[in-house]
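Data block for query_23.txt (compact mmCIF, C-alpha atoms (C1' of nucleotides)):
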# COMPACT_ATOMS: atom_id res chain seq x y z
CA MET A 294 76.96 42.04 123.12
CA ARG A 295 73.49 43.07 124.25
CA ILE A 296 72.06 41.92 127.60
CA ALA A 297 68.41 42.51 128.50
CA THR A 298 66.32 41.75 131.56
CA TRP A 299 62.52 41.87 131.74
CA ASN A 300 59.93 40.88 134.30
CA VAL A 301 57.24 39.75 131.87
CA ASN A 302 54.49 39.01 134.46
CA SER A 303 53.42 35.73 132.84
CA ALA A 304 55.40 34.55 129.81
CA LYS A 305 52.27 32.95 128.41
CA GLN A 306 50.24 36.15 128.50
CA ARG A 307 53.19 38.15 127.19
CA MET A 308 54.10 35.83 124.32
CA PRO A 309 52.48 38.09 121.65
CA ARG A 310 54.70 40.94 122.80
CA LEU A 311 57.81 39.02 123.83
CA LEU A 312 58.61 37.37 120.51
CA PRO A 313 58.32 40.56 118.40
CA TRP A 314 60.30 42.43 121.04
CA LEU A 315 63.15 39.91 120.75
CA GLN A 316 63.17 40.43 116.99
CA GLN A 317 63.11 44.20 117.40
CA ARG A 318 65.80 44.61 120.07
CA ARG A 319 67.82 41.50 119.26
CA PRO A 320 69.44 40.97 122.66
CA ASP A 321 72.14 38.30 122.80
CA ILE A 322 71.33 37.40 126.40
CA VAL A 323 67.85 37.72 127.91
CA CYS A 324 66.88 37.34 131.55
CA LEU A 325 63.16 36.87 132.16
CA GLN A 326 61.30 36.93 135.47
CA GLU A 327 57.81 35.98 136.61
CA THR A 328 57.26 33.53 133.79
CA LYS A 329 54.61 31.88 136.00
CA LEU A 330 55.09 28.59 134.16
CA THR A 331 56.39 25.14 134.94
CA ASP A 332 59.51 24.08 133.08
CA ALA A 333 57.44 21.75 130.89
CA ALA A 334 54.92 24.46 130.00
CA PHE A 335 57.64 27.01 129.21
CA HIS A 336 59.53 24.63 126.97
CA ASP A 337 56.33 23.53 125.21
CA LEU A 338 55.41 27.12 124.41
CA PHE A 339 58.79 28.69 123.73
CA ASP A 340 61.45 26.20 122.67
CA SER A 341 60.47 26.20 119.02
CA PRO A 342 60.05 29.96 118.47
CA LEU A 343 63.14 30.75 120.54
CA ALA A 344 65.24 28.22 118.63
CA GLU A 345 64.15 29.92 115.41
CA LEU A 346 65.50 33.16 116.83
CA GLY A 347 68.75 31.42 117.67
CA TYR A 348 68.41 31.15 121.44
CA GLU A 349 69.44 28.42 123.80
CA VAL A 350 67.05 28.33 126.75
CA ALA A 351 67.25 27.64 130.47
CA HIS A 352 64.08 27.88 132.55
CA HIS A 353 63.50 27.39 136.26
CA GLY A 354 59.84 27.51 137.13
CA GLN A 355 57.16 26.29 139.46
CA GLY A 356 53.94 27.35 137.72
CA GLY A 357 51.52 29.92 139.04
CA TYR A 358 54.08 32.13 140.74
CA ASN A 359 57.70 33.16 140.19
CA GLY A 360 59.67 31.42 137.42
CA VAL A 361 62.86 32.71 135.76
CA ALA A 362 64.55 32.08 132.43
CA LEU A 363 67.81 32.72 130.61
CA LEU A 364 68.01 32.91 126.82
CA SER A 365 71.34 33.18 125.04
CA ARG A 366 72.79 33.29 121.56
CA VAL A 367 76.37 33.50 122.88
CA GLY A 368 76.55 30.24 124.80
CA LEU A 369 74.66 28.92 127.82
CA ASP A 370 77.03 26.86 129.92
CA ASP A 371 76.99 25.48 133.46
CA VAL A 372 73.34 26.28 134.07
CA GLU A 373 72.40 26.40 137.75
CA ALA A 374 68.79 26.57 138.97
CA GLY A 375 68.67 28.48 142.23
CA PHE A 376 71.93 29.11 144.07
CA THR A 377 73.94 27.50 146.84
CA GLY A 378 72.43 28.37 150.19
CA GLN A 379 69.19 29.80 148.76
CA PRO A 380 66.68 30.06 151.62
CA ASP A 381 63.28 28.38 151.48
CA TYR A 382 60.01 30.16 152.20
CA ASP A 383 57.42 28.25 154.19
CA GLY A 384 59.53 25.14 153.66
CA ARG A 385 59.51 25.49 149.86
CA ALA A 386 62.36 26.41 147.52
CA GLU A 387 60.94 29.08 145.20
CA ALA A 388 61.91 29.42 141.53
CA ARG A 389 63.56 32.84 141.70
CA ALA A 390 67.08 32.39 140.31
CA VAL A 391 68.83 30.78 137.38
CA SER A 392 72.37 31.44 136.22
CA ALA A 393 74.68 30.40 133.40
CA THR A 394 77.89 31.43 131.72
CA CYS A 395 77.08 33.34 128.53
CA GLY A 396 79.67 35.05 126.37
CA GLY A 397 82.24 34.82 129.13
CA VAL A 398 80.03 36.42 131.79
CA ARG A 399 78.29 34.65 134.67
CA VAL A 400 74.73 35.93 134.15
CA HIS A 401 72.05 35.59 136.82
CA SER A 402 68.34 36.01 136.10
CA LEU A 403 66.83 36.97 139.46
CA TYR A 404 63.41 37.58 140.92
CA VAL A 405 64.12 38.84 144.42
CA PRO A 406 61.32 38.24 146.95
CA ASN A 407 58.99 41.23 147.28
CA GLY A 408 59.07 41.50 151.06
CA ARG A 409 55.39 42.47 151.31
CA GLU A 410 55.37 44.35 154.64
CA VAL A 411 58.39 45.69 156.54
CA GLY A 412 59.13 43.34 159.41
CA SER A 413 56.96 40.52 158.08
CA PRO A 414 58.28 36.96 157.66
CA HIS A 415 58.42 37.61 153.92
CA TYR A 416 60.55 40.70 154.52
CA GLN A 417 62.96 38.70 156.67
CA TYR A 418 63.05 36.10 153.91
CA LYS A 419 63.91 38.81 151.38
CA LEU A 420 66.86 40.01 153.46
CA ALA A 421 68.09 36.46 154.08
CA TRP A 422 67.70 35.66 150.39
CA LEU A 423 69.86 38.66 149.41
CA ASP A 424 72.45 37.78 152.07
CA ALA A 425 72.72 34.22 150.77
CA LEU A 426 72.91 35.40 147.16
CA ALA A 427 75.79 37.71 148.01
CA VAL A 428 77.71 34.78 149.49
CA ALA A 429 77.02 32.60 146.46
CA VAL A 430 78.01 35.33 143.98
CA ALA A 431 81.22 36.10 145.88
CA ALA A 432 82.17 32.44 145.57
CA GLY A 433 81.51 32.45 141.81
CA PRO A 434 83.26 33.84 138.73
CA ALA A 435 84.64 37.38 138.90
CA GLU A 436 82.98 38.41 135.63
CA VAL A 437 79.38 38.59 136.74
CA ALA A 438 76.11 40.37 135.98
CA LEU A 439 73.10 40.17 138.30
CA CYS A 440 70.05 40.95 136.20
CA GLY A 441 66.42 41.05 137.16
CA ASP A 442 63.59 42.30 139.29
CA ILE A 443 65.63 43.15 142.36
CA ASN A 444 62.64 44.63 144.21
CA VAL A 445 64.79 47.30 145.85
CA ALA A 446 64.99 50.93 144.70
CA PRO A 447 68.69 51.75 145.24
CA ALA A 448 68.12 55.42 146.12
CA ASP A 449 65.38 58.03 146.43
CA ILE A 450 66.06 59.24 142.86
CA ASP A 451 64.67 55.87 141.78
CA LEU A 452 61.20 56.71 143.16
CA PHE A 453 58.56 59.03 141.70
CA ASP A 454 58.01 60.46 145.18
CA PRO A 455 60.07 59.20 148.12
CA ALA A 456 57.47 60.48 150.58
CA ALA A 457 54.95 58.04 149.17
CA PHE A 458 57.15 55.10 150.17
CA GLU A 459 57.74 55.87 153.82
CA GLY A 460 57.14 52.75 155.83
CA HIS A 461 57.07 50.52 152.74
CA THR A 462 59.38 47.81 151.52
CA HIS A 463 61.82 48.35 148.61
CA VAL A 464 63.33 51.48 150.16
CA THR A 465 64.47 50.54 153.66
CA GLU A 466 68.06 50.95 154.79
CA ALA A 467 68.32 47.22 155.36
CA GLU A 468 67.33 46.43 151.78
CA ARG A 469 69.58 49.11 150.29
CA GLN A 470 72.47 47.92 152.43
CA ARG A 471 72.08 44.43 150.94
CA LEU A 472 72.38 45.87 147.43
CA GLY A 473 75.56 47.71 148.35
CA ALA A 474 77.00 44.56 149.90
CA PHE A 475 77.30 42.93 146.49
CA GLY A 476 80.08 45.38 145.65
CA LEU A 477 78.82 45.57 142.07
CA ILE A 478 78.03 48.48 139.77
CA ASP A 479 74.47 49.53 138.96
CA VAL A 480 75.18 50.14 135.29
CA VAL A 481 72.05 52.10 134.35
CA ARG A 482 72.56 54.52 137.24
CA ALA A 483 76.27 54.74 136.46
CA ARG A 484 75.40 55.78 132.92
CA TRP A 485 72.64 58.22 133.91
CA PRO A 486 73.77 59.52 137.31
CA GLU A 487 71.33 62.43 137.46
CA HIS A 488 68.22 61.09 135.74
CA ASP A 489 64.99 60.22 137.38
CA SER A 490 62.51 58.91 134.82
CA VAL A 491 64.62 55.83 134.27
CA TYR A 492 61.96 53.85 136.07
CA SER A 493 61.42 50.22 135.18
CA TYR A 494 58.13 49.49 136.96
CA TRP A 495 54.77 51.25 137.11
CA ASP A 496 51.75 49.84 138.91
CA TYR A 497 48.92 48.83 136.60
CA ARG A 498 46.40 50.79 138.63
CA ALA A 499 45.35 54.39 138.81
CA GLY A 500 47.12 55.54 135.65
CA MET A 501 50.54 55.27 137.27
CA PHE A 502 52.39 54.72 133.97
CA HIS A 503 50.55 57.54 132.23
CA GLN A 504 51.66 59.92 134.99
CA ASP A 505 55.14 58.37 135.08
CA TYR A 506 54.72 57.44 138.73
CA GLY A 507 57.31 54.68 138.60
CA MET A 508 60.13 52.97 140.44
CA ARG A 509 63.52 51.71 139.29
CA ILE A 510 63.70 48.22 140.75
CA ASP A 511 64.85 46.20 137.71
CA LEU A 512 68.61 46.39 137.68
CA VAL A 513 71.80 45.15 136.07
CA LEU A 514 74.52 44.93 138.72
CA ALA A 515 77.87 44.15 137.12
CA SER A 516 81.42 43.53 138.20
CA GLY A 517 83.87 46.27 137.29
CA SER A 518 85.32 44.28 134.42
CA VAL A 519 81.85 44.04 132.85
CA ALA A 520 80.76 47.56 133.80
CA ASP A 521 83.86 49.00 132.11
CA ARG A 522 82.60 47.57 128.82
CA VAL A 523 79.16 49.22 128.99
CA ALA A 524 78.51 51.27 125.87
CA ALA A 525 74.78 51.84 126.41
CA ALA A 526 72.33 51.24 129.24
CA TRP A 527 68.66 52.20 129.10
CA VAL A 528 65.08 51.29 129.92
CA ASP A 529 62.87 50.27 127.03
CA ARG A 530 59.80 52.29 128.00
CA ALA A 531 58.13 51.57 124.67
CA ALA A 532 57.61 47.98 125.79
CA ARG A 533 55.44 49.23 128.71
CA LYS A 534 53.04 51.06 126.36
CA GLY A 535 50.02 49.84 124.48
CA ARG A 536 47.72 46.92 125.02
CA LEU A 537 48.30 44.27 127.69
CA PRO A 538 51.85 45.15 128.70
CA SER A 539 53.81 43.75 131.60
CA ASP A 540 53.89 46.18 134.51
CA HIS A 541 57.70 46.21 134.09
CA ALA A 542 59.80 47.53 131.19
CA PRO A 543 62.94 45.80 129.95
CA VAL A 544 66.39 47.07 130.89
CA ILE A 545 68.91 46.87 128.05
CA VAL A 546 72.70 47.02 128.38
CA ASP A 547 75.13 46.94 125.45
CA LEU A 548 78.72 45.88 126.05
CA ASP A 549 81.60 47.06 123.85
CA VAL A 550 79.45 48.72 121.20
CA ALA A 551 76.06 50.45 121.37
CA LEU A 552 73.63 49.09 118.83
CA ASP A 553 72.32 51.97 116.82
CA GLY A 554 69.84 53.29 114.34
CA ASP A 555 66.31 51.97 114.38
CA ILE A 556 66.41 50.23 117.72
CA GLY A 557 65.03 53.10 119.73
CA PRO A 558 66.25 55.84 122.00
CA ILE A 559 69.22 55.15 124.20
CA VAL A 560 68.73 58.43 126.04
CA PRO A 561 66.05 58.48 128.76
CA PRO A 562 63.42 61.20 128.80
CA PRO A 563 64.56 64.41 130.47
CA SER A 564 64.35 64.71 134.22
CA LYS A 565 61.35 66.58 135.55
CA PRO A 566 62.60 69.02 138.17
CA GLY A 567 60.33 69.28 141.14
CA ARG A 568 58.56 66.01 140.58
CA ARG A 569 60.37 64.14 143.28
CA ALA A 570 60.28 67.07 145.64
CA GLY A 571 57.01 65.43 146.40
CA SER A 572 54.54 66.63 148.93
CA GLY A 573 53.59 63.03 149.56
CA LYS A 574 50.15 63.79 148.17
CA VAL A 575 50.36 60.87 145.80
CA LYS A 576 49.44 57.79 147.78
CA LEU A 577 50.47 54.33 146.75
CA PRO A 578 47.48 52.31 145.72
CA HIS A 579 48.60 49.48 148.00
CA ALA A 580 51.71 47.82 149.37
CA VAL A 581 54.54 48.24 146.87
CA ASP A 582 54.57 46.15 143.72
C1' DA B 289 36.34 58.62 143.87
C1' DT B 290 39.16 56.33 150.68
C1' DG B 291 39.01 54.38 144.42
C1' DG B 292 42.06 52.13 140.43
C1' DT B 293 44.74 46.37 137.45
C1' DT B 294 46.42 42.08 136.07
C1' DG B 295 47.31 37.04 136.47
C1' DC B 296 46.40 32.64 138.40
C1' DG B 297 42.90 29.67 138.88
C1' DC B 298 38.44 29.31 141.14
C1' DT B 299 38.21 32.38 145.65
C1' DG B 300 41.05 35.06 147.26
C1' DC B 301 45.98 36.02 146.99
C1' DA B 302 50.06 38.11 145.12
C1' DA B 303 52.13 41.88 143.07

How would this structure read if it were set down as structure tokens?
Amino acid sequence: MRIATWNVNSAKQRMPRLLPWLQQRRPDIVCLQETKLTDAAFHDLFDSPLAELGYEVAHHGQGGYNGVALLSRVGLDDVEAGFTGQPDYDGRAEARAVSATCGGVRVHSLYVPNGREVGSPHYQYKLAWLDALAVAVAAGPAEVALCGDINVAPADIDLFDPAAFEGHTHVTEAERQRLGAFGLIDVVRARWPEHDSVYSYWDYRAGMFHQDYGMRIDLVLASGSVADRVAAAWVDRAARKGRLPSDHAPVIVDLDVALDGDIGPIVPPPSKPGRRAGSGKVKLPHAVD
DNA sequence: ATGGTTGCGCTGCAA
């Protein structure tokens, strides 16, 4: 069973890439983030082509910003938009989470708040959002996979240059502590314990992707029972290349058996010793992500 | 080079 998660940065703009990618990689369960569509607009655009590919669809959107979806060919039961106790921002409930039971696993498609600036109201919201999610997940099924744009780099190895991120969000102790509090397994890191260059996000600007100045912030966090079944876990860098990509690449996890052959490399590019030693000379073009 | 991109939706904000 193949699970994939991808922040598409507008499902409408990404449609010409998303549908061929589904046919190429053939994931059984797909978590999408930043669809930037209302439910009605998503269903109008995607229900027909996704049904042809065999997917059931759940979408939780607001239009303009945020928006998450779950696609499944292995069942899509007990769909929940948002989660119990999800905090509001500025008095509004944002469309950042949808979950369902697919193939026996409780799968969450998540778009964690960015946080913007350390200490800002949005940063406090991010921490509270993660705290509330941990409570909700702990109260749910034991077989669980949190998939999505988590907007936290779990460790310094997940950054092209840790020095460039000092004082920024995504790397603070408070954020990393929240990740650990889930008590789940980061399956890509578990599979590639020493690799940098398993980034999942590269800023559009300043040739960041070309130079492989990336971050690993799109994660699959799985319970032990699910993590024990992982046969392959990788980042589909090819989907970040070419014309009009998302700024994120998909993360793909195979349970029980690794799909093989023509579906692309399951080994990340080799580490680049010295890269992360970083003098801090590379400056972020702006606040993270 | 104190820069650089994309998307939404209309002017500047978010990422």

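For the atom pair formed by CA of Arg509 (chain A) and CA of Tyr494 (chain A), the distance is 6.3 Å, given to one decimal.
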
Given a cut-off of 12 Å, which residues of chain A touch chain B, counting all atoms listed in the file, written out as a PyMOL selection string?
-> chain A and resi 300-307+327-330+356-359+406-409+444+494-502+537-541+576-582

Mind pulling up the distance from CA of Leu477 (chain A) to CA of Gly517 (chain A)?
-> 7.0 Å

Can you list, as an MDAnalysis selection string, every protein, DNA or RNA residue that comes within 10 Å of Ala483 (chain A) when you count only C-alpha atoms (C1' of nucleotides), leaving out same-chain residues fewer than 6 positions away?
-> chainID A and resid 520 523 526

Using all atoms listed in the file, determine which residues lie at most 8 Å from Asp370 (chain A), disregarding the query and same-chain residues fewer than 3 positions distant; provide the list as a PyMOL selection string.
-> chain A and resi 393-395

Gap from CA of Val481 (chain A) to CA of Ser402 (chain A) - Å, one decimal |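 Between CA of Val481 (chain A) and CA of Ser402 (chain A) the gap is 16.6 Å.
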
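If you count only C-alpha atoms (C1' of nucleotides) and ignore residues fewer than 5 places along the chain from region 341-347 of chain A, what sits within 10 Å of it is Leu312, Leu315, Gln316, Arg319, Asp321, His336, Leu364, Ser365, Arg366 and Val367 of chain A.
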
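Around the point (57.2, 47.5, 126.2), within 10 Å and counting only C-alpha atoms (C1' of nucleotides), we find these residues: Trp299, Val301, Arg310, Leu311, Trp314, Val528, Asp529, Arg530, Ala531, Ala532, Arg533, Lys534, Gly535, Arg536, Leu537, Pro538, Ser539, Asp540, His541, Ala542 and Pro543 of chain A.
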
For Arg399 (chain A), please output as an MDAnalysis selection string all residues within 9 Å (counting only C-alpha atoms (C1' of nucleotides); exclusion window: fewer than 3 positions along the same chain).
-> chainID A and resid 392:396 433:439
